Amino acid sequence: MHPSRAPSSHLTRKIFLFLFGFLATASSFIIHTPAQLQQTIGTRHRSPCSISMVAPAPLEDTAEESDNTDDNDNDLESFQQRQALKLSLLFQAKDAKRGFGATNTERKEILDIITQLSALNPTAEPAAAYYENNLRTNLDDGPTLSGKWTLVYTDAPDITSLDPSSSSSALIPPPPPSAKLGRIGQECDAGENTISNIIEWKRPDWLGNILNNGNEEQNDGKESESRVLQKVVCEASASPEKPFVVDLKLVGFELVGETDNDESGDDSGSASAFPSLPGMPSISSILNQGPAAILAKNPVSLRGPLKAPFGMFEIQYLDEEMRIIKTGQGYYAVNLRDSQPWF
(Lines give C-alpha, C1' and ligand atoms only; values in the text may rest on other atoms or scores of the structure.)
Protein backbone atom coordinates (compact mmCIF):
# COMPACT_ATOMS: atom_id res chain seq x y z
CA MET A 1 0.00 0.00 0.00
CA HIS A 2 1.31 3.42 -0.92
CA PRO A 3 1.86 5.82 2.04
CA SER A 4 0.27 8.65 0.04
CA ARG A 5 -3.15 6.87 0.15
CA ALA A 6 -3.35 6.59 3.98
CA PRO A 7 -4.69 10.12 4.68
CA SER A 8 -7.39 9.69 2.03
CA SER A 9 -8.49 6.34 3.50
CA HIS A 10 -8.58 7.80 7.01
CA LEU A 11 -10.72 10.72 5.82
CA THR A 12 -13.12 8.38 4.03
CA ARG A 13 -13.61 6.34 7.22
CA LYS A 14 -14.45 9.53 9.22
CA ILE A 15 -16.99 10.60 6.64
CA PHE A 16 -18.59 7.14 6.69
CA LEU A 17 -18.86 7.11 10.54
CA PHE A 18 -20.35 10.61 10.53
CA LEU A 19 -22.99 9.68 7.97
CA PHE A 20 -23.83 6.46 9.82
CA GLY A 21 -24.29 8.34 13.11
CA PHE A 22 -26.37 11.03 11.45
CA LEU A 23 -28.69 8.50 9.77
CA ALA A 24 -29.11 6.52 13.02
CA THR A 25 -30.03 9.67 14.93
CA ALA A 26 -32.44 10.92 12.26
CA SER A 27 -34.19 7.55 12.03
CA SER A 28 -34.73 7.42 15.78
CA PHE A 29 -36.36 10.88 15.71
CA ILE A 30 -38.70 9.75 12.97
CA ILE A 31 -39.70 6.39 14.47
CA HIS A 32 -39.90 7.20 18.20
CA THR A 33 -43.11 8.31 19.90
CA PRO A 34 -42.98 11.63 21.84
CA ALA A 35 -42.44 9.80 25.14
CA GLN A 36 -39.64 7.67 23.67
CA LEU A 37 -38.16 10.72 22.00
CA GLN A 38 -38.01 12.61 25.29
CA GLN A 39 -36.30 9.67 26.95
CA THR A 40 -33.85 9.27 24.07
CA ILE A 41 -32.97 12.98 24.06
CA GLY A 42 -32.26 12.84 27.78
CA THR A 43 -30.01 9.81 27.36
CA ARG A 44 -28.04 11.36 24.52
CA HIS A 45 -27.56 14.57 26.41
CA ARG A 46 -25.75 12.62 29.10
CA SER A 47 -23.67 10.56 26.68
CA PRO A 48 -22.97 12.26 23.32
CA CYS A 49 -20.57 9.54 22.28
CA SER A 50 -23.35 6.98 22.27
CA ILE A 51 -25.52 8.73 19.68
CA SER A 52 -24.67 6.34 16.90
CA MET A 53 -25.12 3.35 19.24
CA VAL A 54 -28.86 3.94 19.97
CA ALA A 55 -30.94 1.56 17.88
CA PRO A 56 -34.41 2.58 16.65
CA ALA A 57 -37.38 1.10 18.50
CA PRO A 58 -38.94 -1.95 16.81
CA LEU A 59 -41.73 -1.05 14.44
CA GLU A 60 -44.08 -3.57 16.08
CA ASP A 61 -43.78 -2.04 19.58
CA THR A 62 -44.20 1.49 18.26
CA ALA A 63 -47.33 0.50 16.29
CA GLU A 64 -48.80 -1.22 19.38
CA GLU A 65 -48.26 1.84 21.58
CA SER A 66 -49.74 4.04 18.86
CA ASP A 67 -52.82 1.78 18.72
CA ASN A 68 -53.20 1.99 22.51
CA THR A 69 -53.03 5.76 22.35
CA ASP A 70 -55.69 5.83 19.64
CA ASP A 71 -57.89 3.46 21.69
CA ASN A 72 -57.60 5.69 24.76
CA ASP A 73 -58.48 8.76 22.71
CA ASN A 74 -61.48 6.95 21.22
CA ASP A 75 -62.63 5.77 24.67
CA LEU A 76 -62.44 9.30 26.06
CA GLU A 77 -64.30 10.73 23.08
CA SER A 78 -67.00 8.06 23.36
CA PHE A 79 -67.37 8.70 27.10
CA GLN A 80 -67.76 12.42 26.53
CA GLN A 81 -70.37 11.83 23.83
CA ARG A 82 -72.33 9.48 26.08
CA GLN A 83 -72.31 11.91 29.00
CA ALA A 84 -73.51 14.78 26.80
CA LEU A 85 -76.31 12.66 25.33
CA LYS A 86 -77.38 11.37 28.75
CA LEU A 87 -77.58 14.89 30.13
CA SER A 88 -79.64 16.02 27.15
CA LEU A 89 -81.94 13.01 27.56
CA LEU A 90 -82.52 13.77 31.26
CA PHE A 91 -83.42 17.40 30.52
CA GLN A 92 -85.84 16.32 27.79
CA ALA A 93 -87.39 13.66 30.05
CA LYS A 94 -87.94 16.20 32.82
CA ASP A 95 -89.65 18.63 30.45
CA ALA A 96 -91.84 15.77 29.18
CA LYS A 97 -92.78 14.82 32.77
CA ARG A 98 -91.35 11.30 32.46
CA GLY A 99 -93.25 10.92 29.18
CA PHE A 100 -96.68 11.53 30.72
CA GLY A 101 -96.86 15.01 29.18
CA ALA A 102 -94.66 14.44 26.12
CA THR A 103 -95.67 15.93 22.78
CA ASN A 104 -95.04 14.10 19.51
CA THR A 105 -92.09 16.41 18.83
CA GLU A 106 -90.57 15.67 22.23
CA ARG A 107 -90.98 11.93 21.72
CA LYS A 108 -89.18 12.13 18.38
CA GLU A 109 -86.34 14.16 19.89
CA ILE A 110 -85.96 11.73 22.78
CA LEU A 111 -86.04 8.76 20.42
CA ASP A 112 -83.24 10.36 18.41
CA ILE A 113 -81.11 10.66 21.56
CA ILE A 114 -81.88 7.06 22.51
CA THR A 115 -80.79 5.91 19.04
CA GLN A 116 -77.49 7.76 19.37
CA LEU A 117 -76.86 6.35 22.85
CA SER A 118 -77.65 2.84 21.66
CA ALA A 119 -74.90 3.15 19.07
CA LEU A 120 -72.47 4.05 21.89
CA ASN A 121 -73.55 1.30 24.29
CA PRO A 122 -70.42 0.40 26.32
CA THR A 123 -71.64 -2.98 27.59
CA ALA A 124 -71.18 -6.00 25.34
CA GLU A 125 -73.40 -8.38 27.35
CA PRO A 126 -75.86 -6.28 29.37
CA ALA A 127 -78.13 -9.25 30.16
CA ALA A 128 -75.26 -11.36 31.57
CA ALA A 129 -76.58 -11.08 35.15
CA TYR A 130 -79.47 -13.34 34.13
CA TYR A 131 -77.48 -16.06 32.41
CA GLU A 132 -77.57 -19.49 34.01
CA ASN A 133 -75.28 -19.73 37.03
CA ASN A 134 -72.58 -21.68 35.23
CA LEU A 135 -72.48 -19.11 32.42
CA ARG A 136 -72.11 -16.00 34.58
CA THR A 137 -68.50 -14.97 34.08
CA ASN A 138 -66.63 -11.69 34.43
CA LEU A 139 -69.70 -9.93 35.83
CA ASP A 140 -67.50 -7.65 37.93
CA ASP A 141 -65.73 -6.31 34.85
CA GLY A 142 -68.51 -3.99 33.75
CA PRO A 143 -72.00 -2.58 34.40
CA THR A 144 -74.67 -5.01 35.59
CA LEU A 145 -78.42 -5.03 35.16
CA SER A 146 -78.81 -6.10 38.77
CA GLY A 147 -79.93 -3.40 41.23
CA LYS A 148 -82.73 -0.89 41.82
CA TRP A 149 -83.76 1.54 39.09
CA THR A 150 -86.13 4.51 38.83
CA LEU A 151 -88.05 5.38 35.67
CA VAL A 152 -87.28 8.81 34.20
CA TYR A 153 -88.97 8.42 30.81
CA THR A 154 -91.25 6.08 28.91
CA ASP A 155 -93.58 6.20 25.92
CA ALA A 156 -95.40 2.98 26.87
CA PRO A 157 -99.16 3.72 26.98
CA ASP A 158 -99.80 1.18 29.73
CA ILE A 159 -97.62 3.36 31.98
CA THR A 160 -98.49 6.86 30.75
CA SER A 161 -102.21 6.02 31.14
CA LEU A 162 -101.71 5.58 34.89
CA ASP A 163 -101.97 9.36 35.30
CA PRO A 164 -105.60 10.33 34.47
CA SER A 165 -104.75 14.01 34.11
CA SER A 166 -102.48 13.30 31.15
CA SER A 167 -104.66 10.78 29.35
CA SER A 168 -108.09 12.41 29.62
CA SER A 169 -109.52 14.86 27.13
CA ALA A 170 -109.06 18.53 27.97
CA LEU A 171 -112.79 19.08 27.24
CA ILE A 172 -113.84 16.58 29.90
CA PRO A 173 -112.26 17.10 33.33
CA PRO A 174 -111.01 13.81 34.79
CA PRO A 175 -112.76 12.47 37.88
CA PRO A 176 -110.94 12.83 41.20
CA PRO A 177 -108.31 10.09 41.34
CA SER A 178 -108.59 7.46 44.03
CA ALA A 179 -104.80 7.51 44.40
CA LYS A 180 -101.93 9.75 43.40
CA LEU A 181 -99.25 8.26 41.18
CA GLY A 182 -95.77 8.49 42.68
CA ARG A 183 -92.48 7.05 41.50
CA ILE A 184 -92.10 4.07 39.21
CA GLY A 185 -89.18 1.70 39.50
CA GLN A 186 -87.80 -1.73 38.87
CA GLU A 187 -85.82 -4.07 41.08
CA CYS A 188 -83.54 -6.51 39.29
CA ASP A 189 -82.50 -9.29 41.67
CA ALA A 190 -80.14 -11.54 39.73
CA GLY A 191 -79.61 -13.77 42.76
CA GLU A 192 -83.31 -14.67 42.76
CA ASN A 193 -83.65 -14.49 38.96
CA THR A 194 -86.46 -11.97 39.36
CA ILE A 195 -87.36 -8.54 38.03
CA SER A 196 -90.10 -6.64 39.89
CA ASN A 197 -91.98 -3.69 38.41
CA ILE A 198 -92.87 -1.30 41.25
CA ILE A 199 -95.41 1.55 41.28
CA GLU A 200 -95.80 3.92 44.19
CA TRP A 201 -99.32 5.14 45.05
CA LYS A 202 -99.97 7.98 47.48
CA ARG A 203 -103.03 9.53 49.12
CA PRO A 204 -104.71 11.88 46.61
CA ASP A 205 -104.47 15.61 47.26
CA TRP A 206 -108.24 16.11 47.31
CA LEU A 207 -108.63 13.69 50.21
CA GLY A 208 -105.93 15.47 52.18
CA ASN A 209 -107.69 18.81 51.63
CA ILE A 210 -110.96 17.36 52.92
CA LEU A 211 -109.32 15.86 56.01
CA ASN A 212 -107.58 19.19 56.69
CA ASN A 213 -110.76 21.18 55.97
CA GLY A 214 -108.93 22.93 53.15
CA ASN A 215 -106.19 24.15 55.48
CA GLU A 216 -102.90 23.34 53.78
CA GLU A 217 -100.92 24.54 56.80
CA GLN A 218 -102.51 22.10 59.21
CA ASN A 219 -99.81 19.53 58.46
CA ASP A 220 -97.04 22.17 58.28
CA GLY A 221 -97.23 22.01 54.50
CA LYS A 222 -95.85 18.46 54.45
CA GLU A 223 -97.25 15.89 52.10
CA SER A 224 -98.43 12.64 53.65
CA GLU A 225 -95.76 9.96 53.42
CA SER A 226 -98.26 7.09 53.50
CA ARG A 227 -98.06 5.03 50.36
CA VAL A 228 -98.81 1.70 48.75
CA LEU A 229 -96.17 -0.13 46.73
CA GLN A 230 -97.63 -2.25 43.94
CA LYS A 231 -95.21 -4.93 42.77
CA VAL A 232 -95.48 -7.22 39.77
CA VAL A 233 -92.87 -9.95 40.15
CA CYS A 234 -91.44 -11.73 37.12
CA GLU A 235 -88.94 -14.51 36.66
CA ALA A 236 -86.20 -13.36 34.29
CA SER A 237 -83.79 -15.31 32.11
CA ALA A 238 -81.22 -14.61 29.38
CA SER A 239 -78.60 -16.47 27.38
CA PRO A 240 -75.24 -15.68 25.72
CA GLU A 241 -76.84 -16.35 22.33
CA LYS A 242 -79.00 -13.22 22.88
CA PRO A 243 -76.95 -11.08 25.29
CA PHE A 244 -79.28 -8.06 24.95
CA VAL A 245 -82.60 -9.86 25.49
CA VAL A 246 -84.33 -10.71 28.80
CA ASP A 247 -87.36 -13.01 28.81
CA LEU A 248 -90.00 -12.61 31.51
CA LYS A 249 -92.57 -14.89 33.16
CA LEU A 250 -95.15 -13.63 35.65
CA VAL A 251 -94.77 -15.33 39.03
CA GLY A 252 -96.52 -13.09 41.55
CA PHE A 253 -98.15 -9.88 42.70
CA GLU A 254 -97.61 -7.89 45.91
CA LEU A 255 -99.18 -4.92 47.70
CA VAL A 256 -97.30 -3.38 50.62
CA GLY A 257 -98.37 -0.38 52.71
CA GLU A 258 -96.21 2.18 54.52
CA THR A 259 -97.61 4.94 56.75
CA ASP A 260 -96.59 8.16 58.52
CA ASN A 261 -95.10 7.78 61.98
CA ASP A 262 -96.48 4.27 62.28
CA GLU A 263 -100.01 5.69 62.66
CA SER A 264 -101.43 2.36 61.60
CA GLY A 265 -100.07 0.83 64.78
CA ASP A 266 -102.08 -1.12 67.26
CA ASP A 267 -105.36 0.71 67.89
CA SER A 268 -107.08 -2.12 69.70
CA GLY A 269 -107.54 0.11 72.76
CA SER A 270 -109.19 2.87 70.78
CA ALA A 271 -112.95 3.28 70.75
CA SER A 272 -112.84 3.70 67.00
CA ALA A 273 -111.03 0.45 66.29
CA PHE A 274 -112.64 -2.59 64.68
CA PRO A 275 -113.07 -4.95 67.66
CA SER A 276 -114.19 -7.86 65.48
CA LEU A 277 -111.24 -7.61 63.11
CA PRO A 278 -107.96 -8.06 64.99
CA GLY A 279 -104.97 -6.49 63.34
CA MET A 280 -107.03 -3.81 61.59
CA PRO A 281 -106.14 -0.12 62.04
CA SER A 282 -108.54 2.46 63.41
CA ILE A 283 -111.06 4.27 61.26
CA SER A 284 -109.13 7.51 61.73
CA SER A 285 -105.96 5.82 60.49
CA ILE A 286 -107.78 4.51 57.43
CA LEU A 287 -109.21 7.97 56.71
CA ASN A 288 -105.84 9.67 57.12
CA GLN A 289 -103.57 7.06 55.58
CA GLY A 290 -105.93 5.36 53.13
CA PRO A 291 -105.35 1.75 52.03
CA ALA A 292 -101.73 2.06 53.17
CA ALA A 293 -102.94 1.78 56.77
CA ILE A 294 -104.57 -1.58 56.04
CA LEU A 295 -101.79 -2.95 53.84
CA ALA A 296 -99.11 -1.94 56.34
CA LYS A 297 -100.63 -4.45 58.75
CA ASN A 298 -101.88 -6.90 56.13
CA PRO A 299 -99.59 -6.96 53.08
CA VAL A 300 -100.78 -8.95 50.09
CA SER A 301 -98.51 -11.45 48.39
CA LEU A 302 -99.85 -13.72 45.69
CA ARG A 303 -97.49 -16.42 44.45
CA GLY A 304 -98.46 -19.63 42.75
CA PRO A 305 -96.85 -22.65 41.12
CA LEU A 306 -97.85 -21.52 37.64
CA LYS A 307 -95.80 -19.07 35.59
CA ALA A 308 -97.40 -17.09 32.79
CA PRO A 309 -95.47 -15.55 29.85
CA PHE A 310 -95.08 -11.82 30.47
CA GLY A 311 -93.11 -10.74 27.42
CA MET A 312 -89.53 -9.62 26.99
CA PHE A 313 -87.37 -6.55 26.67
CA GLU A 314 -84.21 -5.71 24.78
CA ILE A 315 -81.47 -3.67 26.46
CA GLN A 316 -80.48 -0.79 24.20
CA TYR A 317 -77.99 0.84 26.54
CA LEU A 318 -76.41 0.03 29.91
CA ASP A 319 -73.73 1.71 31.98
CA GLU A 320 -73.21 2.27 35.71
CA GLU A 321 -75.82 5.04 35.83
CA MET A 322 -78.40 4.58 33.09
CA ARG A 323 -80.32 1.80 31.43
CA ILE A 324 -82.49 2.01 28.33
CA ILE A 325 -84.75 -0.86 27.27
CA LYS A 326 -87.15 -1.53 24.42
CA THR A 327 -90.18 -3.67 25.15
CA GLY A 328 -91.51 -6.40 22.92
CA GLN A 329 -94.24 -3.98 21.81
CA GLY A 330 -91.64 -1.44 20.65
CA TYR A 331 -91.89 1.05 23.51
CA TYR A 332 -88.94 2.54 25.37
CA ALA A 333 -88.12 3.04 29.04
CA VAL A 334 -85.20 5.00 30.47
CA ASN A 335 -84.11 4.27 34.04
CA LEU A 336 -81.49 5.65 36.42
CA ARG A 337 -79.78 3.50 39.01
CA ASP A 338 -80.80 4.47 42.55
CA SER A 339 -78.02 5.68 44.80
CA GLN A 340 -80.62 6.10 47.56
CA PRO A 341 -83.32 3.48 46.90
CA TRP A 342 -86.89 4.45 47.75
CA PHE A 343 -88.24 0.89 47.87
# chains A, B, ... in the order shown; residues from 1 in each chain; ligands from 1
$ residues_around --residues "Pro243 of chain A" --least-positions-apart "4" --cutoff "10 Å" --atoms "only C-alpha atoms" --output "list of chain:residue names"
A:Thr123, A:Ala124, A:Glu125, A:Pro126, A:Ala127, A:Ala128, A:Ala129, A:Tyr130, A:Tyr131, A:Ala238, A:Ser239, A:Glu314, A:Ile315
$ residues_around --residues "Asp319 of chain A" --least-positions-apart "4" --cutoff "10 Å" --atoms "only C-alpha atoms" --output "MDAnalysis selection string"
chainID A and resid 82 121:123 126 142:145 323:324 336:337
$ write_last_selection --atoms "N, CA and C atoms" --output "short mmCIF file (atom, residue, chain, number, x, y, z; two decimals), in the first residue's frame"
data_model
loop_
_atom_site.label_atom_id
_atom_site.label_comp_id
_atom_site.auth_asym_id
_atom_site.auth_seq_id
_atom_site.Cartn_x
_atom_site.Cartn_y
_atom_site.Cartn_z
N ARG A 82 -71.26 10.12 25.30
CA ARG A 82 -72.33 9.48 26.08
C ARG A 82 -72.83 10.40 27.20
N ASN A 121 -73.41 2.18 23.13
CA ASN A 121 -73.55 1.30 24.29
C ASN A 121 -72.21 0.68 24.68
N PRO A 122 -71.74 0.89 25.93
CA PRO A 122 -70.42 0.40 26.32
C PRO A 122 -70.39 -1.02 26.86
N THR A 123 -71.57 -1.65 26.97
CA THR A 123 -71.64 -2.98 27.59
C THR A 123 -71.95 -4.04 26.55
N PRO A 126 -75.12 -6.91 28.27
CA PRO A 126 -75.86 -6.28 29.37
C PRO A 126 -76.80 -7.21 30.11
N GLY A 142 -67.77 -5.06 34.40
CA GLY A 142 -68.51 -3.99 33.75
C GLY A 142 -69.86 -3.77 34.40
N PRO A 143 -70.68 -2.88 33.84
CA PRO A 143 -72.00 -2.58 34.40
C PRO A 143 -72.89 -3.82 34.45
N THR A 144 -73.76 -3.88 35.44
CA THR A 144 -74.67 -5.01 35.59
C THR A 144 -76.11 -4.52 35.63
N LEU A 145 -77.00 -5.34 35.13
CA LEU A 145 -78.42 -5.03 35.16
C LEU A 145 -78.98 -5.10 36.57
N ARG A 323 -79.91 2.97 32.20
CA ARG A 323 -80.32 1.80 31.43
C ARG A 323 -81.49 2.18 30.53
N ILE A 324 -81.41 1.77 29.27
CA ILE A 324 -82.49 2.01 28.33
C ILE A 324 -82.94 0.67 27.75
N LEU A 336 -82.73 5.31 35.74
CA LEU A 336 -81.49 5.65 36.42
C LEU A 336 -81.30 4.74 37.62
N ARG A 337 -80.06 4.33 37.85
CA ARG A 337 -79.78 3.50 39.01
C ARG A 337 -79.95 4.34 40.28
#
$ closest_residue --among "A:Leu85, A:Ala96, A:Val300, A:Val256" --to "Ala119 of chain A" --atoms "only C-alpha atoms"
A:Leu85
$ closest_residue --among "A:Pro240, A:Gly101, A:Gly252, A:Gly182" --to "Tyr153 of chain A" --atoms "only C-alpha atoms"
A:Gly101
$ atom_distance --atom1 "atom CA of Leu111 of chain A" --atom2 "atom CA of Leu250 of chain A"
28.6 Å
$ atom_distance --atom1 "atom CA of Glu109 of chain A" --atom2 "atom CA of Ser78 of chain A"
20.6 Å
$ select_by_dssp --residues "segment 65-191 of chain A" --states "strand (DSSP E or B)" --output "PyMOL selection string"
chain A and resi 147-154+180-189
$ atom_distance --atom1 "atom CA of Leu135 of chain A" --atom2 "atom CA of Phe253 of chain A"
29.2 Å
$ residues_around --residues "Gln230 of chain A" --least-positions-apart "2" --cutoff "7 Å" --atoms "only C-alpha atoms" --output "PyMOL selection string"
chain A and resi 198-200+228+232+254-256
$ closest_residue --among "A:Phe100, A:Trp149, A:Phe310, A:Trp201" --to "Met322 of chain A" --atoms "only C-alpha atoms"
A:Trp149
